[in-house]
$ cat structure06.cif   # mmCIF, N, CA and C atoms
data_work
#
loop_
_atom_site.label_atom_id
_atom_site.label_comp_id
_atom_site.auth_asym_id
_atom_site.auth_seq_id
_atom_site.Cartn_x
_atom_site.Cartn_y
_atom_site.Cartn_z
N MET A 90 -9.41 51.16 -24.38
CA MET A 90 -8.17 51.90 -24.15
C MET A 90 -7.34 51.90 -25.43
N ARG A 91 -6.82 53.05 -25.79
CA ARG A 91 -6.04 53.22 -27.00
C ARG A 91 -4.59 52.85 -26.74
N LEU A 92 -4.01 52.08 -27.65
CA LEU A 92 -2.59 51.73 -27.54
C LEU A 92 -1.75 52.88 -28.06
N PRO A 93 -0.58 53.12 -27.45
CA PRO A 93 0.27 54.21 -27.94
C PRO A 93 0.86 53.87 -29.31
N THR A 94 1.08 54.90 -30.10
CA THR A 94 1.70 54.72 -31.41
C THR A 94 3.21 54.55 -31.22
N LEU A 95 3.87 54.09 -32.26
CA LEU A 95 5.33 53.96 -32.20
C LEU A 95 5.99 55.32 -31.96
N GLN A 96 5.45 56.36 -32.55
CA GLN A 96 5.99 57.71 -32.34
C GLN A 96 5.89 58.12 -30.87
N GLU A 97 4.77 57.83 -30.25
CA GLU A 97 4.58 58.16 -28.83
C GLU A 97 5.53 57.35 -27.95
N ILE A 98 5.76 56.11 -28.31
CA ILE A 98 6.71 55.28 -27.56
C ILE A 98 8.12 55.83 -27.71
N ASP A 99 8.51 56.18 -28.94
CA ASP A 99 9.83 56.78 -29.17
C ASP A 99 9.99 58.08 -28.41
N ASP A 100 8.94 58.90 -28.40
CA ASP A 100 8.99 60.16 -27.65
C ASP A 100 9.23 59.92 -26.17
N GLU A 101 8.53 58.96 -25.61
CA GLU A 101 8.67 58.67 -24.19
C GLU A 101 10.05 58.11 -23.86
N LEU A 102 10.57 57.24 -24.72
CA LEU A 102 11.93 56.73 -24.52
C LEU A 102 12.95 57.85 -24.54
N ALA A 103 12.79 58.79 -25.46
CA ALA A 103 13.72 59.92 -25.55
C ALA A 103 13.62 60.81 -24.31
N ARG A 104 12.42 60.93 -23.73
CA ARG A 104 12.26 61.72 -22.50
C ARG A 104 12.93 61.05 -21.30
N ARG A 105 12.90 59.73 -21.26
CA ARG A 105 13.41 59.00 -20.10
C ARG A 105 14.90 58.69 -20.17
N ASP A 106 15.46 58.56 -21.37
CA ASP A 106 16.84 58.10 -21.52
C ASP A 106 17.63 59.11 -22.35
N PHE A 107 18.66 59.68 -21.74
CA PHE A 107 19.45 60.71 -22.40
C PHE A 107 20.14 60.19 -23.66
N ALA A 108 20.68 58.99 -23.61
CA ALA A 108 21.36 58.43 -24.79
C ALA A 108 20.39 58.27 -25.96
N THR A 109 19.18 57.85 -25.69
CA THR A 109 18.17 57.73 -26.74
C THR A 109 17.84 59.10 -27.31
N PHE A 110 17.76 60.10 -26.46
CA PHE A 110 17.51 61.47 -26.90
C PHE A 110 18.61 61.94 -27.85
N VAL A 111 19.86 61.69 -27.49
CA VAL A 111 20.98 62.10 -28.34
C VAL A 111 20.91 61.40 -29.69
N ARG A 112 20.70 60.10 -29.68
CA ARG A 112 20.62 59.35 -30.94
C ARG A 112 19.48 59.87 -31.82
N ARG A 113 18.37 60.18 -31.20
CA ARG A 113 17.20 60.60 -31.96
C ARG A 113 17.37 61.99 -32.58
N PHE A 114 18.00 62.91 -31.86
CA PHE A 114 18.06 64.28 -32.34
C PHE A 114 19.43 64.69 -32.89
N TRP A 115 20.34 63.75 -33.04
CA TRP A 115 21.66 64.07 -33.57
C TRP A 115 21.56 64.75 -34.93
N ASP A 116 20.76 64.22 -35.83
CA ASP A 116 20.66 64.77 -37.18
C ASP A 116 20.07 66.17 -37.20
N GLU A 117 19.32 66.54 -36.18
CA GLU A 117 18.79 67.90 -36.10
C GLU A 117 19.88 68.90 -35.72
N VAL A 118 20.80 68.47 -34.88
CA VAL A 118 21.86 69.36 -34.40
C VAL A 118 23.07 69.35 -35.33
N GLU A 119 23.47 68.19 -35.79
CA GLU A 119 24.64 68.03 -36.65
C GLU A 119 24.29 67.24 -37.91
N PRO A 120 23.52 67.84 -38.82
CA PRO A 120 23.10 67.08 -40.01
C PRO A 120 24.24 66.74 -40.96
N ALA A 121 25.33 67.47 -40.89
CA ALA A 121 26.44 67.24 -41.83
C ALA A 121 27.36 66.10 -41.40
N PHE A 122 27.26 65.66 -40.15
CA PHE A 122 28.16 64.64 -39.63
C PHE A 122 27.37 63.44 -39.12
N ALA A 123 27.76 62.26 -39.58
CA ALA A 123 27.12 61.04 -39.08
C ALA A 123 27.62 60.74 -37.66
N LEU A 124 26.73 60.28 -36.83
CA LEU A 124 27.09 59.93 -35.46
C LEU A 124 27.66 58.52 -35.42
N ARG A 125 28.87 58.40 -34.94
CA ARG A 125 29.49 57.08 -34.73
C ARG A 125 29.46 56.81 -33.24
N TRP A 126 28.51 56.00 -32.82
CA TRP A 126 28.29 55.75 -31.39
C TRP A 126 29.38 54.82 -30.86
N THR A 127 30.04 55.23 -29.80
CA THR A 127 31.08 54.41 -29.18
C THR A 127 30.84 54.35 -27.67
N TRP A 128 31.66 53.56 -27.00
CA TRP A 128 31.50 53.34 -25.57
C TRP A 128 31.63 54.63 -24.77
N HIS A 129 32.49 55.55 -25.23
CA HIS A 129 32.68 56.78 -24.43
C HIS A 129 31.44 57.66 -24.47
N ILE A 130 30.68 57.62 -25.55
CA ILE A 130 29.44 58.39 -25.62
C ILE A 130 28.41 57.79 -24.66
N ASP A 131 28.35 56.46 -24.61
CA ASP A 131 27.47 55.80 -23.62
C ASP A 131 27.85 56.21 -22.20
N ALA A 132 29.15 56.21 -21.92
CA ALA A 132 29.61 56.55 -20.57
C ALA A 132 29.25 57.99 -20.21
N ILE A 133 29.47 58.92 -21.12
CA ILE A 133 29.15 60.32 -20.86
C ILE A 133 27.64 60.48 -20.66
N CYS A 134 26.84 59.87 -21.53
CA CYS A 134 25.39 59.97 -21.41
C CYS A 134 24.89 59.38 -20.09
N ASP A 135 25.42 58.23 -19.72
CA ASP A 135 25.01 57.61 -18.45
C ASP A 135 25.35 58.49 -17.26
N HIS A 136 26.52 59.10 -17.28
CA HIS A 136 26.93 59.94 -16.16
C HIS A 136 26.13 61.24 -16.12
N LEU A 137 25.85 61.84 -17.27
CA LEU A 137 25.04 63.06 -17.28
C LEU A 137 23.61 62.76 -16.82
N GLN A 138 23.08 61.62 -17.20
CA GLN A 138 21.75 61.24 -16.72
C GLN A 138 21.77 61.03 -15.21
N ALA A 139 22.85 60.46 -14.69
CA ALA A 139 22.97 60.26 -13.25
C ALA A 139 23.03 61.60 -12.51
N VAL A 140 23.65 62.60 -13.11
CA VAL A 140 23.66 63.94 -12.52
C VAL A 140 22.23 64.48 -12.46
N THR A 141 21.51 64.35 -13.55
CA THR A 141 20.12 64.81 -13.59
C THR A 141 19.27 64.12 -12.54
N GLU A 142 19.50 62.83 -12.35
CA GLU A 142 18.72 62.06 -11.38
C GLU A 142 19.18 62.25 -9.95
N GLY A 143 20.24 63.02 -9.73
CA GLY A 143 20.74 63.28 -8.39
C GLY A 143 21.63 62.19 -7.83
N LYS A 144 22.05 61.25 -8.64
CA LYS A 144 22.91 60.16 -8.19
C LYS A 144 24.38 60.59 -8.16
N ILE A 145 24.73 61.57 -8.97
CA ILE A 145 26.09 62.12 -8.99
C ILE A 145 25.96 63.62 -8.77
N ARG A 146 26.77 64.14 -7.83
CA ARG A 146 26.70 65.58 -7.54
C ARG A 146 27.79 66.37 -8.25
N ARG A 147 28.92 65.75 -8.49
CA ARG A 147 30.02 66.44 -9.16
C ARG A 147 30.56 65.52 -10.24
N LEU A 148 30.79 66.09 -11.43
CA LEU A 148 31.22 65.27 -12.56
C LEU A 148 32.30 66.01 -13.33
N LEU A 149 33.38 65.32 -13.59
CA LEU A 149 34.46 65.83 -14.42
C LEU A 149 34.61 64.87 -15.59
N ILE A 150 34.55 65.41 -16.81
CA ILE A 150 34.65 64.59 -18.01
C ILE A 150 35.95 64.94 -18.72
N ASN A 151 36.82 63.97 -18.84
CA ASN A 151 38.10 64.15 -19.54
C ASN A 151 38.15 63.27 -20.77
N VAL A 152 37.96 63.86 -21.92
CA VAL A 152 38.12 63.16 -23.19
C VAL A 152 38.85 64.09 -24.14
N PRO A 153 39.55 63.55 -25.12
CA PRO A 153 40.26 64.41 -26.07
C PRO A 153 39.31 65.30 -26.87
N PRO A 154 39.84 66.38 -27.43
CA PRO A 154 39.00 67.22 -28.30
C PRO A 154 38.43 66.41 -29.47
N GLY A 155 37.25 66.80 -29.90
CA GLY A 155 36.64 66.13 -31.03
C GLY A 155 35.84 64.88 -30.69
N HIS A 156 35.56 64.66 -29.42
CA HIS A 156 34.81 63.48 -29.00
C HIS A 156 33.41 63.83 -28.51
N ILE A 157 32.83 64.89 -29.01
CA ILE A 157 31.48 65.44 -28.80
C ILE A 157 31.12 65.76 -27.35
N LYS A 158 32.12 65.95 -26.52
CA LYS A 158 31.84 66.31 -25.12
C LYS A 158 31.05 67.62 -25.04
N SER A 159 31.47 68.61 -25.78
CA SER A 159 30.80 69.91 -25.72
C SER A 159 29.37 69.84 -26.22
N LEU A 160 29.14 69.11 -27.31
CA LEU A 160 27.77 68.98 -27.81
C LEU A 160 26.89 68.25 -26.79
N LEU A 161 27.42 67.21 -26.18
CA LEU A 161 26.62 66.47 -25.20
C LEU A 161 26.31 67.32 -23.98
N THR A 162 27.31 68.00 -23.45
CA THR A 162 27.12 68.72 -22.18
C THR A 162 26.48 70.09 -22.34
N CYS A 163 26.70 70.75 -23.46
CA CYS A 163 26.22 72.14 -23.61
C CYS A 163 25.01 72.29 -24.52
N VAL A 164 24.71 71.29 -25.33
CA VAL A 164 23.58 71.39 -26.25
C VAL A 164 22.51 70.34 -25.91
N PHE A 165 22.89 69.07 -26.00
CA PHE A 165 21.90 68.01 -25.82
C PHE A 165 21.41 67.89 -24.38
N TRP A 166 22.33 67.91 -23.43
CA TRP A 166 21.92 67.69 -22.04
C TRP A 166 20.98 68.76 -21.50
N PRO A 167 21.28 70.07 -21.69
CA PRO A 167 20.32 71.07 -21.22
C PRO A 167 18.95 70.94 -21.90
N ALA A 168 18.95 70.64 -23.19
CA ALA A 168 17.67 70.48 -23.90
C ALA A 168 16.89 69.31 -23.33
N TRP A 169 17.60 68.21 -23.03
CA TRP A 169 16.93 67.04 -22.46
C TRP A 169 16.39 67.33 -21.06
N GLU A 170 17.16 68.03 -20.25
CA GLU A 170 16.70 68.38 -18.90
C GLU A 170 15.49 69.30 -18.94
N TRP A 171 15.46 70.22 -19.91
CA TRP A 171 14.35 71.17 -20.01
C TRP A 171 13.04 70.50 -20.41
N LEU A 172 13.08 69.29 -20.94
CA LEU A 172 11.83 68.60 -21.27
C LEU A 172 10.98 68.39 -20.02
N GLU A 173 11.62 67.98 -18.94
CA GLU A 173 10.88 67.71 -17.70
C GLU A 173 10.91 68.85 -16.70
N ARG A 174 11.95 69.68 -16.78
CA ARG A 174 12.09 70.77 -15.80
C ARG A 174 12.43 72.07 -16.53
N PRO A 175 11.44 72.70 -17.16
CA PRO A 175 11.71 73.90 -17.97
C PRO A 175 12.16 75.11 -17.15
N TRP A 176 12.04 75.06 -15.85
CA TRP A 176 12.46 76.18 -15.00
C TRP A 176 13.97 76.18 -14.73
N LEU A 177 14.66 75.13 -15.09
CA LEU A 177 16.11 75.05 -14.82
C LEU A 177 16.87 76.13 -15.58
N ARG A 178 17.94 76.59 -14.96
CA ARG A 178 18.84 77.54 -15.59
C ARG A 178 20.25 77.00 -15.48
N GLY A 179 21.06 77.31 -16.45
CA GLY A 179 22.44 76.86 -16.43
C GLY A 179 23.38 78.02 -16.54
N LEU A 180 24.63 77.75 -16.26
CA LEU A 180 25.65 78.78 -16.38
C LEU A 180 26.21 78.81 -17.76
#

$ encode --input "structure06.cif" --output "structure tokens"
Amino acid sequence: MRLPTLQEIDDELARRDFATFVRRFWDEVEPAFALRWTWHIDAICDHLQAVTEGKIRRLLINVPPGHIKSLLTCVFWPAWEWLERPWLRGL
């Protein structure tokens, strides 16, 4: 039996965990800005993942402008959901 490579392990972690996906692909989406990971990003990622998993049905995110809410909800999250469910459509 062949052991998975580190790249394959990283790929699987990014598929399973939204926060890992964001950390991994941040430089692809925003190469000009370094990501400063804080507790509010963890909270948003955890809640968006819970929505995907069906644990939360309605979610309201209130954070000040400039705290990457739009990038997380409109760019990263749909891309992450499409990895496992490419038939999904969003508004």

$ residues_around --input "structure06.cif" --residues "stretch 136-141 of chain A" --least-positions-apart "4" --cutoff "8 Å" --atoms "all atoms listed in the file" --output "ChimeraX atom specification"
/A:106-108,130-132,145-148,162,166,170

$ write_last_selection --input "structure06.cif" --atoms "N, CA and C atoms" --output "short mmCIF file (atom, residue, chain, number, x, y, z; two decimals), in the coordinates of the input"
data_model
loop_
_atom_site.label_atom_id
_atom_site.label_comp_id
_atom_site.auth_asym_id
_atom_site.auth_seq_id
_atom_site.Cartn_x
_atom_site.Cartn_y
_atom_site.Cartn_z
N ASP A 106 15.46 58.56 -21.37
CA ASP A 106 16.84 58.10 -21.52
C ASP A 106 17.63 59.11 -22.35
N PHE A 107 18.66 59.68 -21.74
CA PHE A 107 19.45 60.71 -22.40
C PHE A 107 20.14 60.19 -23.66
N ALA A 108 20.68 58.99 -23.61
CA ALA A 108 21.36 58.43 -24.79
C ALA A 108 20.39 58.27 -25.96
N ILE A 130 30.68 57.62 -25.55
CA ILE A 130 29.44 58.39 -25.62
C ILE A 130 28.41 57.79 -24.66
N ASP A 131 28.35 56.46 -24.61
CA ASP A 131 27.47 55.80 -23.62
C ASP A 131 27.85 56.21 -22.20
N ALA A 132 29.15 56.21 -21.92
CA ALA A 132 29.61 56.55 -20.57
C ALA A 132 29.25 57.99 -20.21
N ILE A 145 24.73 61.57 -8.97
CA ILE A 145 26.09 62.12 -8.99
C ILE A 145 25.96 63.62 -8.77
N ARG A 146 26.77 64.14 -7.83
CA ARG A 146 26.70 65.58 -7.54
C ARG A 146 27.79 66.37 -8.25
N ARG A 147 28.92 65.75 -8.49
CA ARG A 147 30.02 66.44 -9.16
C ARG A 147 30.56 65.52 -10.24
N LEU A 148 30.79 66.09 -11.43
CA LEU A 148 31.22 65.27 -12.56
C LEU A 148 32.30 66.01 -13.33
N THR A 162 27.31 68.00 -23.45
CA THR A 162 27.12 68.72 -22.18
C THR A 162 26.48 70.09 -22.34
N TRP A 166 22.33 67.91 -23.43
CA TRP A 166 21.92 67.69 -22.04
C TRP A 166 20.98 68.76 -21.50
N GLU A 170 17.16 68.03 -20.25
CA GLU A 170 16.70 68.38 -18.90
C GLU A 170 15.49 69.30 -18.94
#

$ select_by_dssp --input "structure06.cif" --residues "chain A" --states "alpha helix (DSSP H)" --output "PyMOL selection string"
chain A and resi 95-105+107-118+128-141+158-160+166-173

$ closest_residue --input "structure06.cif" --among "A:Leu92, A:Leu149, A:Val111, A:Val164" --to "A:Trp126" --atoms "only C-alpha atoms"
A:Val111

$ atom_distance --input "structure06.cif" --atom1 "atom CA of A:Glu173" --atom2 "atom CA of A:Arg91"
24.1 Å

$ closest_residue --input "structure06.cif" --among "A:Cys134, A:Ile157, A:Val152, A:Leu102" --to "A:Phe122" --atoms "only C-alpha atoms"
A:Ile157

$ atom_distance --input "structure06.cif" --atom1 "atom N of A:Leu160" --atom2 "atom C of A:Ile98"
24.9 Å

$ atom_distance --input "structure06.cif" --atom1 "atom CA of A:Arg178" --atom2 "atom CA of A:Arg104"
18.5 Å
